[in-house]
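**Q** Dropping in start33.pdb, which is PDB, C-alpha atoms:
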```
ATOM      1  CA  MET A   1      16.795  36.271  -0.214
ATOM      2  CA  THR A   2      13.835  33.885  -0.461
ATOM      3  CA  LEU A   3      14.770  32.999  -4.039
ATOM      4  CA  ARG A   4      18.359  32.289  -3.053
ATOM      5  CA  ILE A   5      17.277  30.023  -0.211
ATOM      6  CA  ALA A   6      14.923  28.202  -2.575
ATOM      7  CA  ILE A   7      17.736  27.666  -5.092
ATOM      8  CA  VAL A   8      20.020  26.235  -2.416
ATOM      9  CA  VAL A   9      17.276  23.910  -1.147
ATOM     10  CA  VAL A  10      16.420  22.673  -4.639
ATOM     11  CA  VAL A  11      20.061  22.028  -5.538
ATOM     12  CA  MET A  12      20.741  20.218  -2.266
ATOM     13  CA  ALA A  13      17.597  18.117  -2.662
ATOM     14  CA  ALA A  14      18.489  17.230  -6.251
ATOM     15  CA  LEU A  15      22.017  16.174  -5.299
ATOM     16  CA  ALA A  16      20.779  14.152  -2.329
ATOM     17  CA  GLY A  17      18.166  12.457  -4.492
ATOM     18  CA  ALA A  18      20.695  11.614  -7.193
ATOM     19  CA  TRP A  19      23.158  10.169  -4.678
ATOM     20  CA  TRP A  20      20.373   8.161  -3.035
ATOM     21  CA  LEU A  21      19.456   6.718  -6.437
ATOM     22  CA  LEU A  22      23.047   5.716  -7.127
ATOM     23  CA  GLN A  23      23.289   4.078  -3.716
ATOM     24  CA  ILE A  24      20.050   2.141  -4.268
ATOM     25  CA  LEU A  25      21.405   0.875  -7.597
ATOM     26  CA  GLY A  26      24.559  -0.369  -5.864
ATOM     27  CA  ILE A  27      27.287   2.037  -6.978
ATOM     28  CA  PRO A  28      30.719   0.754  -5.790
ATOM     29  CA  ALA A  29      32.013   2.412  -2.646
ATOM     30  CA  ASP A  30      35.602   2.884  -3.853
ATOM     31  CA  LEU A  31      34.621   4.656  -7.127
ATOM     32  CA  SER A  32      37.613   3.158  -8.954
ATOM     33  CA  PRO A  33      37.391   3.142 -12.780
ATOM     34  CA  ASP A  34      37.434  -0.676 -12.968
ATOM     35  CA  ALA A  35      34.703  -1.130 -10.378
ATOM     36  CA  LEU A  36      32.565   1.662 -11.794
ATOM     37  CA  ALA A  37      32.924   0.323 -15.346
ATOM     38  CA  GLN A  38      31.737  -3.134 -14.316
ATOM     39  CA  TRP A  39      28.827  -1.650 -12.397
ATOM     40  CA  LEU A  40      27.766   0.570 -15.288
ATOM     41  CA  LYS A  41      27.872  -2.350 -17.723
ATOM     42  CA  SER A  42      25.584  -4.307 -15.411
ATOM     43  CA  GLN A  43      22.987  -1.505 -15.528
ATOM     44  CA  GLY A  44      22.161  -2.123 -19.191
ATOM     45  CA  ALA A  45      20.613   0.756 -21.114
ATOM     46  CA  ALA A  46      20.625   2.941 -17.998
ATOM     47  CA  GLY A  47      24.428   2.780 -17.770
ATOM     48  CA  PRO A  48      25.204   5.824 -19.945
ATOM     49  CA  LEU A  49      22.605   7.919 -18.118
ATOM     50  CA  LEU A  50      24.004   6.891 -14.736
ATOM     51  CA  LEU A  51      27.525   7.777 -15.850
ATOM     52  CA  MET A  52      26.293  11.148 -17.058
ATOM     53  CA  LEU A  53      24.578  11.695 -13.710
ATOM     54  CA  LEU A  54      27.743  10.735 -11.826
ATOM     55  CA  MET A  55      29.831  13.132 -13.901
ATOM     56  CA  THR A  56      27.329  15.943 -13.364
ATOM     57  CA  MET A  57      27.442  15.359  -9.614
ATOM     58  CA  ALA A  58      31.240  15.225  -9.657
ATOM     59  CA  VAL A  59      31.342  18.686 -11.204
ATOM     60  CA  VAL A  60      28.678  20.290  -8.993
ATOM     61  CA  ILE A  61      29.903  18.809  -5.717
ATOM     62  CA  GLY A  62      33.602  19.257  -6.412
ATOM     63  CA  PRO A  63      35.501  16.741  -4.219
ATOM     64  CA  ILE A  64      34.579  13.865  -6.561
ATOM     65  CA  PRO A  65      37.352  13.855  -9.218
ATOM     66  CA  THR A  66      36.114  14.092 -12.816
ATOM     67  CA  LEU A  67      39.068  12.553 -14.667
ATOM     68  CA  PRO A  68      38.635   9.047 -13.154
ATOM     69  CA  VAL A  69      35.004   9.229 -14.245
ATOM     70  CA  SER A  70      36.231   9.973 -17.770
ATOM     71  CA  ALA A  71      38.494   6.930 -17.538
ATOM     72  CA  THR A  72      35.463   4.913 -16.439
ATOM     73  CA  ALA A  73      33.540   6.134 -19.475
ATOM     74  CA  GLY A  74      36.214   4.791 -21.807
ATOM     75  CA  LEU A  75      36.428   1.463 -20.018
ATOM     76  CA  ALA A  76      32.664   0.960 -19.986
ATOM     77  CA  PHE A  77      31.565   2.338 -23.358
ATOM     78  CA  GLY A  78      34.622   2.811 -25.563
ATOM     79  CA  VAL A  79      36.486   5.921 -26.637
ATOM     80  CA  LEU A  80      33.934   7.713 -28.805
ATOM     81  CA  GLU A  81      30.777   6.934 -26.855
ATOM     82  CA  GLY A  82      32.571   7.255 -23.533
ATOM     83  CA  THR A  83      33.973  10.664 -24.455
ATOM     84  CA  ALA A  84      30.553  11.880 -25.587
ATOM     85  CA  ILE A  85      28.874  10.706 -22.375
ATOM     86  CA  ALA A  86      31.569  12.072 -20.054
ATOM     87  CA  ALA A  87      31.788  15.415 -21.876
ATOM     88  CA  THR A  88      28.009  15.839 -21.855
ATOM     89  CA  GLY A  89      27.791  15.094 -18.145
ATOM     90  CA  ALA A  90      30.669  17.432 -17.353
ATOM     91  CA  LEU A  91      29.115  20.228 -19.407
ATOM     92  CA  LEU A  92      25.756  19.785 -17.679
ATOM     93  CA  GLY A  93      27.450  19.904 -14.290
ATOM     94  CA  ALA A  94      29.487  22.955 -15.250
ATOM     95  CA  MET A  95      26.397  24.805 -16.443
ATOM     96  CA  ALA A  96      24.526  23.869 -13.252
ATOM     97  CA  ALA A  97      27.363  25.211 -11.084
ATOM     98  CA  PHE A  98      27.625  28.299 -13.291
ATOM     99  CA  TRP A  99      23.930  29.180 -12.920
ATOM    100  CA  VAL A 100      23.888  28.470  -9.182
ATOM    101  CA  ALA A 101      26.752  30.933  -8.706
ATOM    102  CA  ARG A 102      25.166  33.449 -11.049
ATOM    103  CA  CYS A 103      21.823  33.366  -9.256
ATOM    104  CA  LEU A 104      23.319  33.457  -5.775
ATOM    105  CA  GLY A 105      26.349  35.710  -6.108
ATOM    106  CA  ARG A 106      26.348  37.712  -9.329
ATOM    107  CA  GLU A 107      24.392  40.726  -8.078
ATOM    108  CA  VAL A 108      26.457  40.947  -4.909
ATOM    109  CA  ILE A 109      29.692  40.895  -6.904
ATOM    110  CA  CYS A 110      28.459  43.572  -9.327
ATOM    111  CA  LYS A 111      27.605  45.902  -6.456
ATOM    112  CA  ARG A 112      30.897  45.240  -4.695
ATOM    113  CA  PHE A 113      33.118  45.648  -7.784
ATOM    114  CA  PRO A 114      31.182  47.813 -10.265
ATOM    115  CA  ASP A 115      34.262  48.942 -12.203
ATOM    116  CA  ASN A 116      36.273  45.711 -12.291
ATOM    117  CA  PRO A 117      36.867  44.769 -15.981
ATOM    118  CA  VAL A 118      36.394  41.065 -15.240
ATOM    119  CA  LEU A 119      33.484  41.213 -12.835
ATOM    120  CA  ALA A 120      31.600  44.284 -14.062
ATOM    121  CA  ARG A 121      28.525  43.945 -16.277
ATOM    122  CA  ASP A 122      30.468  45.169 -19.324
ATOM    123  CA  GLY A 123      33.504  43.000 -18.567
ATOM    124  CA  SER A 124      35.746  41.703 -21.362
ATOM    125  CA  GLN A 125      34.088  38.658 -22.926
ATOM    126  CA  ARG A 126      37.205  37.749 -24.904
ATOM    127  CA  PHE A 127      39.496  37.774 -21.869
ATOM    128  CA  LEU A 128      37.073  35.711 -19.796
ATOM    129  CA  THR A 129      36.555  33.182 -22.592
ATOM    130  CA  ILE A 130      40.302  32.705 -23.010
ATOM    131  CA  ALA A 131      40.763  32.387 -19.248
ATOM    132  CA  ILE A 132      38.101  29.678 -19.014
ATOM    133  CA  LEU A 133      39.554  27.838 -22.005
ATOM    134  CA  LEU A 134      43.065  27.818 -20.533
ATOM    135  CA  THR A 135      41.968  26.626 -17.105
ATOM    136  CA  ARG A 136      39.939  23.803 -18.674
ATOM    137  CA  LEU A 137      42.937  22.560 -20.654
ATOM    138  CA  ILE A 138      44.966  21.791 -17.523
ATOM    139  CA  PRO A 139      43.320  19.417 -14.991
ATOM    140  CA  VAL A 140      45.255  20.934 -12.066
ATOM    141  CA  PHE A 141      42.468  23.513 -11.763
ATOM    142  CA  SER A 142      39.309  22.437  -9.959
ATOM    143  CA  PHE A 143      36.572  21.923 -12.555
ATOM    144  CA  ALA A 144      33.892  22.805 -10.009
ATOM    145  CA  LEU A 145      35.690  25.867  -8.624
ATOM    146  CA  ILE A 146      36.205  27.349 -12.098
ATOM    147  CA  SER A 147      32.527  26.780 -12.924
ATOM    148  CA  TYR A 148      31.322  28.521  -9.765
ATOM    149  CA  ALA A 149      33.824  31.358 -10.164
ATOM    150  CA  ALA A 150      32.786  31.930 -13.777
ATOM    151  CA  GLY A 151      29.179  32.295 -12.691
ATOM    152  CA  VAL A 152      29.904  35.508 -10.804
ATOM    153  CA  THR A 153      31.887  37.081 -13.646
ATOM    154  CA  ALA A 154      30.537  38.903 -16.675
ATOM    155  CA  ILE A 155      31.047  36.012 -19.113
ATOM    156  CA  ARG A 156      27.974  35.047 -21.113
ATOM    157  CA  ALA A 157      26.610  31.553 -20.570
ATOM    158  CA  TRP A 158      27.088  30.456 -24.178
ATOM    159  CA  ARG A 159      30.716  31.588 -24.175
ATOM    160  CA  PHE A 160      31.326  29.740 -20.923
ATOM    161  CA  ALA A 161      29.731  26.581 -22.356
ATOM    162  CA  ILE A 162      31.838  26.661 -25.540
ATOM    163  CA  ALA A 163      35.105  27.416 -23.705
ATOM    164  CA  THR A 164      34.364  24.676 -21.179
ATOM    165  CA  PHE A 165      33.506  22.051 -23.782
ATOM    166  CA  VAL A 166      36.441  22.810 -26.082
ATOM    167  CA  GLY A 167      38.903  23.146 -23.210
ATOM    168  CA  MET A 168      37.983  19.911 -21.439
ATOM    169  CA  LEU A 169      37.677  17.790 -24.609
ATOM    170  CA  PRO A 170      41.396  16.895 -25.079
ATOM    171  CA  MET A 171      41.875  15.500 -21.571
ATOM    172  CA  THR A 172      38.472  13.793 -21.681
ATOM    173  CA  VAL A 173      39.470  11.995 -24.879
ATOM    174  CA  VAL A 174      42.833  11.013 -23.395
ATOM    175  CA  PHE A 175      41.344   9.573 -20.231
ATOM    176  CA  ALA A 176      38.475   7.874 -22.029
ATOM    177  CA  GLY A 177      40.906   6.380 -24.530
ATOM    178  CA  LEU A 178      43.511   5.130 -22.106
ATOM    179  CA  GLY A 179      41.227   4.431 -19.159
ATOM    180  CA  ASN A 180      42.868   3.750 -15.835
ATOM    181  CA  THR A 181      46.191   2.816 -17.511
ATOM    182  CA  PHE A 182      46.925   6.519 -17.970
ATOM    183  CA  THR A 183      48.983   8.115 -15.204
ATOM    184  CA  LEU A 184      49.153  11.886 -15.296
ATOM    185  CA  ASN A 185      52.609  13.307 -14.627
ATOM    186  CA  PRO A 186      52.021  15.467 -11.536
ATOM    187  CA  VAL A 187      55.174  17.558 -12.047
ATOM    188  CA  LEU A 188      54.270  18.546 -15.611
ATOM    189  CA  THR A 189      50.655  19.159 -14.645
ATOM    190  CA  VAL A 190      51.527  21.455 -11.743
ATOM    191  CA  ALA A 191      54.163  23.238 -13.843
ATOM    192  CA  ALA A 192      51.689  23.893 -16.661
ATOM    193  CA  GLY A 193      49.080  25.053 -14.169
ATOM    194  CA  ALA A 194      51.581  27.383 -12.508
ATOM    195  CA  ILE A 195      52.494  28.921 -15.869
ATOM    196  CA  ILE A 196      48.849  29.567 -16.740
ATOM    197  CA  LEU A 197      48.214  30.991 -13.269
ATOM    198  CA  ALA A 198      51.239  33.295 -13.621
ATOM    199  CA  VAL A 199      49.983  34.517 -16.998
ATOM    200  CA  MET A 200      46.514  35.185 -15.579
ATOM    201  CA  VAL A 201      48.067  37.204 -12.725
ATOM    202  CA  TRP A 202      50.441  39.059 -15.042
ATOM    203  CA  LEU A 203      47.801  40.064 -17.603
ATOM    204  CA  PRO A 204      45.686  42.327 -15.334
ATOM    205  CA  TRP A 205      48.835  43.889 -13.852
ATOM    206  CA  SER A 206      50.338  44.568 -17.270
ATOM    207  CA  ILE A 207      47.101  45.978 -18.681
ATOM    208  CA  SER A 208      46.541  48.217 -15.653
ATOM    209  CA  ARG A 209      49.967  49.757 -16.286
ATOM    210  CA  ASN A 210      49.379  50.104 -20.023
ATOM    211  CA  PRO A 211      45.616  50.512 -20.572
ATOM    212  CA  GLY A 212      46.128  51.727 -24.132
ATOM    213  CA  SER A 213      48.370  48.854 -25.212
ATOM    214  CA  GLN A 214      47.664  46.608 -28.189
ATOM    215  CA  LEU A 215      47.094  43.684 -25.801
ATOM    216  CA  ALA A 216      44.444  45.629 -23.891
ATOM    217  CA  ARG A 217      42.711  46.579 -27.128
ATOM    218  CA  TRP A 218      42.757  42.974 -28.391
ATOM    219  CA  LEU A 219      41.321  41.695 -25.109
ATOM    220  CA  GLN A 220      38.722  44.474 -25.241
ATOM    221  CA  LEU A 221      39.510  45.638 -21.716
ATOM    222  CA  ASN A 222      39.672  49.315 -22.563
ATOM    223  CA  GLN A 223      36.129  49.644 -23.894
TER
END
```
Go ahead and express the file in the form of structure tokens.
**A**
Amino acid sequence: MTLRIAIVVVVMAALAGAWWLLQILGIPADLSPDALAQWLKSQGAAGPLLLMLLMTMAVVIGPIPTLPVSATAGLAFGVLEGTAIAATGALLGAMAAFWVARCLGREVICKRFPDNPVLARDGSQRFLTIAILLTRLIPVFSFALISYAAGVTAIRAWRFAIATFVGMLPMTVVFAGLGNTFTLNPVLTVAAGAIILAVMVWLPWSISRNPGSQLARWLQLNQ
């Protein structure tokens, strides 16, 4: 319990300190891509680091949207450099959220659901990796929520990192390349997210009814 309290205090202090630093340096209040890009350019060599810090905070805190930050990266630093900076910051934030959840909630989850194939200690790594990859591809899913949820599952950290990086890269490139001129079609986004969600709900149900099926063997859920 003492360790968990210490982790919470350290994370809260780090986030508060980072936000205080951004405020001192004059970060725009509206957080629009245009305003942020101009502000980052005015920070000189510290601009990429500040963008990376902002992206990390956006992932850990959650309510701050990550895709506008990716658009800011493209506007401020160009497609290639902007993508690299935004992706690095997002991965750092995802790993931070992942380890916070793992340290605070993993043991509790294991005790509560010892035989669950997703949450148990010997849970299917392949299934979890695919699930993370799919949810990263569609921005309708909360980047922060997926990171925290993954932390309490059985997925290994390196698998989570690879699935996160590969899955988020396409949309990061798109937003960094097109900046704030890109408007995401909400209907298509929600539809794609609903399809992925339906598949993720259907898979456990189907496998529970046919534990010896080829799909269950491929996903390694019947080990």
**Q** How would you write, as a list in words, the residues chosen by the PyMOL selection byres ((chain A and resi 26) around 12) on this structure?
**A**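 Expected selection for the PyMOL selection byres ((chain A and resi 26) around 12) here is Trp19, Trp20, Leu21, Leu22, Gln23, Ile24, Leu25, Ile27, Pro28, Ala29, Asp30, Leu31, Ala35, Leu36, Gln38, Trp39, Leu40, Ser42, Gln43 and Leu50 of chain A.
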**Q** Just checking: using all atoms listed in the file, which residue out of A:Arg4, A:Thr164, A:Val69, A:Met52 ends up closest to A:Ile138?
**A**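 Of A:Arg4, A:Thr164, A:Val69, A:Met52, the one nearest A:Ile138, counting all atoms listed in the file, is A:Thr164.
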**Q** Could you state which residues are captured by the PyMOL selection byres ((chain A and resi 97-110) around 10) in this file, as a compact mmCIF listing (two decimals) with C-alpha atoms, in the coordinates of the input?
**A**
```txt
# COMPACT_ATOMS: atom_id res chain seq x y z
CA MET A 1 16.80 36.27 -0.21
CA LEU A 3 14.77 33.00 -4.04
CA ARG A 4 18.36 32.29 -3.05
CA ILE A 5 17.28 30.02 -0.21
CA ILE A 7 17.74 27.67 -5.09
CA VAL A 8 20.02 26.24 -2.42
CA VAL A 11 20.06 22.03 -5.54
CA THR A 56 27.33 15.94 -13.36
CA MET A 57 27.44 15.36 -9.61
CA VAL A 59 31.34 18.69 -11.20
CA VAL A 60 28.68 20.29 -8.99
CA ILE A 61 29.90 18.81 -5.72
CA GLY A 62 33.60 19.26 -6.41
CA LEU A 91 29.12 20.23 -19.41
CA LEU A 92 25.76 19.78 -17.68
CA GLY A 93 27.45 19.90 -14.29
CA ALA A 94 29.49 22.96 -15.25
CA MET A 95 26.40 24.80 -16.44
CA ALA A 96 24.53 23.87 -13.25
CA LYS A 111 27.60 45.90 -6.46
CA ARG A 112 30.90 45.24 -4.70
CA PHE A 113 33.12 45.65 -7.78
CA PRO A 114 31.18 47.81 -10.26
CA ASP A 115 34.26 48.94 -12.20
CA ASN A 116 36.27 45.71 -12.29
CA LEU A 119 33.48 41.21 -12.84
CA ALA A 120 31.60 44.28 -14.06
CA ARG A 121 28.52 43.94 -16.28
CA PHE A 143 36.57 21.92 -12.56
CA ALA A 144 33.89 22.80 -10.01
CA LEU A 145 35.69 25.87 -8.62
CA ILE A 146 36.20 27.35 -12.10
CA SER A 147 32.53 26.78 -12.92
CA TYR A 148 31.32 28.52 -9.76
CA ALA A 149 33.82 31.36 -10.16
CA ALA A 150 32.79 31.93 -13.78
CA GLY A 151 29.18 32.30 -12.69
CA VAL A 152 29.90 35.51 -10.80
CA THR A 153 31.89 37.08 -13.65
CA ALA A 154 30.54 38.90 -16.68
CA ALA A 157 26.61 31.55 -20.57
CA PHE A 160 31.33 29.74 -20.92
CA ALA A 161 29.73 26.58 -22.36
```
**Q** Can you measure atom CA of A:Leu128 to atom CA of A:Ala163 for me? One decimal in Å is fine.
**A** 9.4 Å
**Q** Take atom CA of A:Ala131 and atom CA of A:Thr83 and report the distance between them in Å, one decimal.
**A**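 Separation between atom CA of A:Ala131 and atom CA of A:Thr83: 23.3 Å.
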**Q** If the PyMOL selection byres ((chain A and resi 33) around 9) were run on this exact file, what residues would it hold? Put them as a PyMOL selection string.
**A** chain A and resi 31-32+34-38+68-73+75-76+179-180
**Q** To one decimal place in Å, what is the distance between atom CA of A:Arg156 and atom CA of A:Leu133?
**A** 13.7 Å
**Q** Taking into account all atoms listed in the file, which residue in the set A:Phe141, A:Arg159, A:Leu53, A:Phe77 is nearest to A:Gln125?
**A**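 Closest to A:Gln125, using all atoms listed in the file: A:Arg159.
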**Q** How big is the axis-aligned box, and where does its centre sit, when it encloses all atoms of stretch 136-150 of chain A listed in the file and has 5 Å added on every side, reported in Å to one decimal as lines of an AutoDock Vina configuration file?
**A**
```
center_x = 38.3
center_y = 25.7
center_z = -14.6
size_x = 23.9
size_y = 22.5
size_z = 22.0
```
**Q** Could you check which of A:Ile85, A:Leu67, A:Leu134, A:Leu80 is closest to A:Gly177, using all atoms listed in the file?
**A**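 Nearest candidate to A:Gly177 out of A:Ile85, A:Leu67, A:Leu134, A:Leu80: A:Leu80.
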**Q** Taking only C-alpha atoms into account, which of A:Leu137, A:Val173, A:Leu54, A:Leu49 comes nearest A:Ala90?
**A**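 Of A:Leu137, A:Val173, A:Leu54, A:Leu49, the one nearest A:Ala90, counting only C-alpha atoms, is A:Leu54.
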**Q** Here is a test: counting all atoms listed in the file, which residue of A:Leu15, A:Gly82, A:Phe127, A:Thr66 is nearest to A:Pro48?
**A** A:Gly82
**Q** Please determine, counting only C-alpha atoms, which residue among A:Arg126, A:Trp158, A:Thr172, A:Arg136 has the shortest atom-to-atom distance to A:Met55.
**A**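 Of A:Arg126, A:Trp158, A:Thr172, A:Arg136, the one nearest A:Met55, counting only C-alpha atoms, is A:Thr172.
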**Q** How would stretch 131-141 of chain A look written as a compact mmCIF listing (two decimals), in the first residue's frame with all heavy atoms?
**A**
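That gives us selection_29.txt:
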```txt
# COMPACT_ATOMS: atom_id res chain seq x y z
N ALA A 131 -5.02 -7.19 -30.12
CA ALA A 131 -6.03 -6.28 -29.60
C ALA A 131 -5.47 -4.87 -29.44
O ALA A 131 -6.12 -3.88 -29.81
CB ALA A 131 -6.55 -6.80 -28.26
N ILE A 132 -4.27 -4.75 -28.90
CA ILE A 132 -3.66 -3.44 -28.73
C ILE A 132 -3.40 -2.80 -30.09
O ILE A 132 -3.67 -1.61 -30.31
CB ILE A 132 -2.33 -3.54 -27.96
CG1 ILE A 132 -2.57 -4.02 -26.52
CG2 ILE A 132 -1.60 -2.20 -27.94
CD1 ILE A 132 -3.42 -3.08 -25.70
N LEU A 133 -2.90 -3.57 -31.03
CA LEU A 133 -2.61 -3.06 -32.37
C LEU A 133 -3.88 -2.51 -33.03
O LEU A 133 -3.87 -1.41 -33.60
CB LEU A 133 -2.00 -4.17 -33.23
CG LEU A 133 -1.69 -3.80 -34.68
CD1 LEU A 133 -0.62 -2.72 -34.74
CD2 LEU A 133 -1.24 -5.03 -35.46
N LEU A 134 -4.97 -3.26 -32.95
CA LEU A 134 -6.21 -2.83 -33.58
C LEU A 134 -6.77 -1.57 -32.95
O LEU A 134 -7.24 -0.66 -33.65
CB LEU A 134 -7.25 -3.95 -33.51
CG LEU A 134 -6.98 -5.19 -34.37
CD1 LEU A 134 -8.04 -6.25 -34.12
CD2 LEU A 134 -6.94 -4.81 -35.84
N THR A 135 -6.73 -1.48 -31.63
CA THR A 135 -7.27 -0.30 -30.97
C THR A 135 -6.41 0.93 -31.20
O THR A 135 -6.92 2.06 -31.16
CB THR A 135 -7.42 -0.54 -29.46
OG1 THR A 135 -6.16 -0.97 -28.91
CG2 THR A 135 -8.47 -1.59 -29.17
N ARG A 136 -5.13 0.74 -31.47
CA ARG A 136 -4.26 1.89 -31.78
C ARG A 136 -4.50 2.42 -33.20
O ARG A 136 -4.28 3.60 -33.47
CB ARG A 136 -2.79 1.49 -31.65
CG ARG A 136 -2.32 1.18 -30.24
CD ARG A 136 -2.63 2.26 -29.26
NE ARG A 136 -1.88 2.09 -28.02
CZ ARG A 136 -2.23 2.66 -26.88
NH1 ARG A 136 -3.30 3.41 -26.80
NH2 ARG A 136 -1.49 2.48 -25.79
N LEU A 137 -4.93 1.54 -34.10
CA LEU A 137 -5.13 1.95 -35.48
C LEU A 137 -6.28 2.93 -35.64
O LEU A 137 -6.26 3.78 -36.54
CB LEU A 137 -5.38 0.72 -36.37
CG LEU A 137 -4.16 -0.16 -36.67
CD1 LEU A 137 -4.60 -1.45 -37.34
CD2 LEU A 137 -3.16 0.59 -37.54
N ILE A 138 -7.29 2.82 -34.78
CA ILE A 138 -8.48 3.66 -34.89
C ILE A 138 -8.51 4.67 -33.75
O ILE A 138 -8.58 4.29 -32.58
CB ILE A 138 -9.77 2.81 -34.85
CG1 ILE A 138 -9.72 1.73 -35.93
CG2 ILE A 138 -10.99 3.69 -35.03
CD1 ILE A 138 -9.63 2.27 -37.34
N PRO A 139 -8.45 5.98 -34.04
CA PRO A 139 -8.36 6.99 -32.97
C PRO A 139 -9.63 7.19 -32.16
O PRO A 139 -9.67 8.04 -31.27
CB PRO A 139 -8.01 8.27 -33.75
CG PRO A 139 -8.54 8.03 -35.13
CD PRO A 139 -8.36 6.56 -35.38
N VAL A 140 -10.70 6.41 -32.44
CA VAL A 140 -11.92 6.53 -31.64
C VAL A 140 -11.70 6.00 -30.23
O VAL A 140 -12.40 6.38 -29.29
CB VAL A 140 -13.09 5.80 -32.33
CG1 VAL A 140 -12.93 4.30 -32.27
CG2 VAL A 140 -14.43 6.22 -31.73
N PHE A 141 -10.70 5.11 -30.06
CA PHE A 141 -10.41 4.57 -28.74
C PHE A 141 -9.46 5.51 -27.99
O PHE A 141 -8.49 6.01 -28.56
CB PHE A 141 -9.77 3.18 -28.85
CG PHE A 141 -10.70 2.14 -29.42
CD1 PHE A 141 -10.60 1.76 -30.75
CD2 PHE A 141 -11.66 1.55 -28.63
CE1 PHE A 141 -11.44 0.80 -31.28
CE2 PHE A 141 -12.51 0.59 -29.14
CZ PHE A 141 -12.41 0.21 -30.47
```
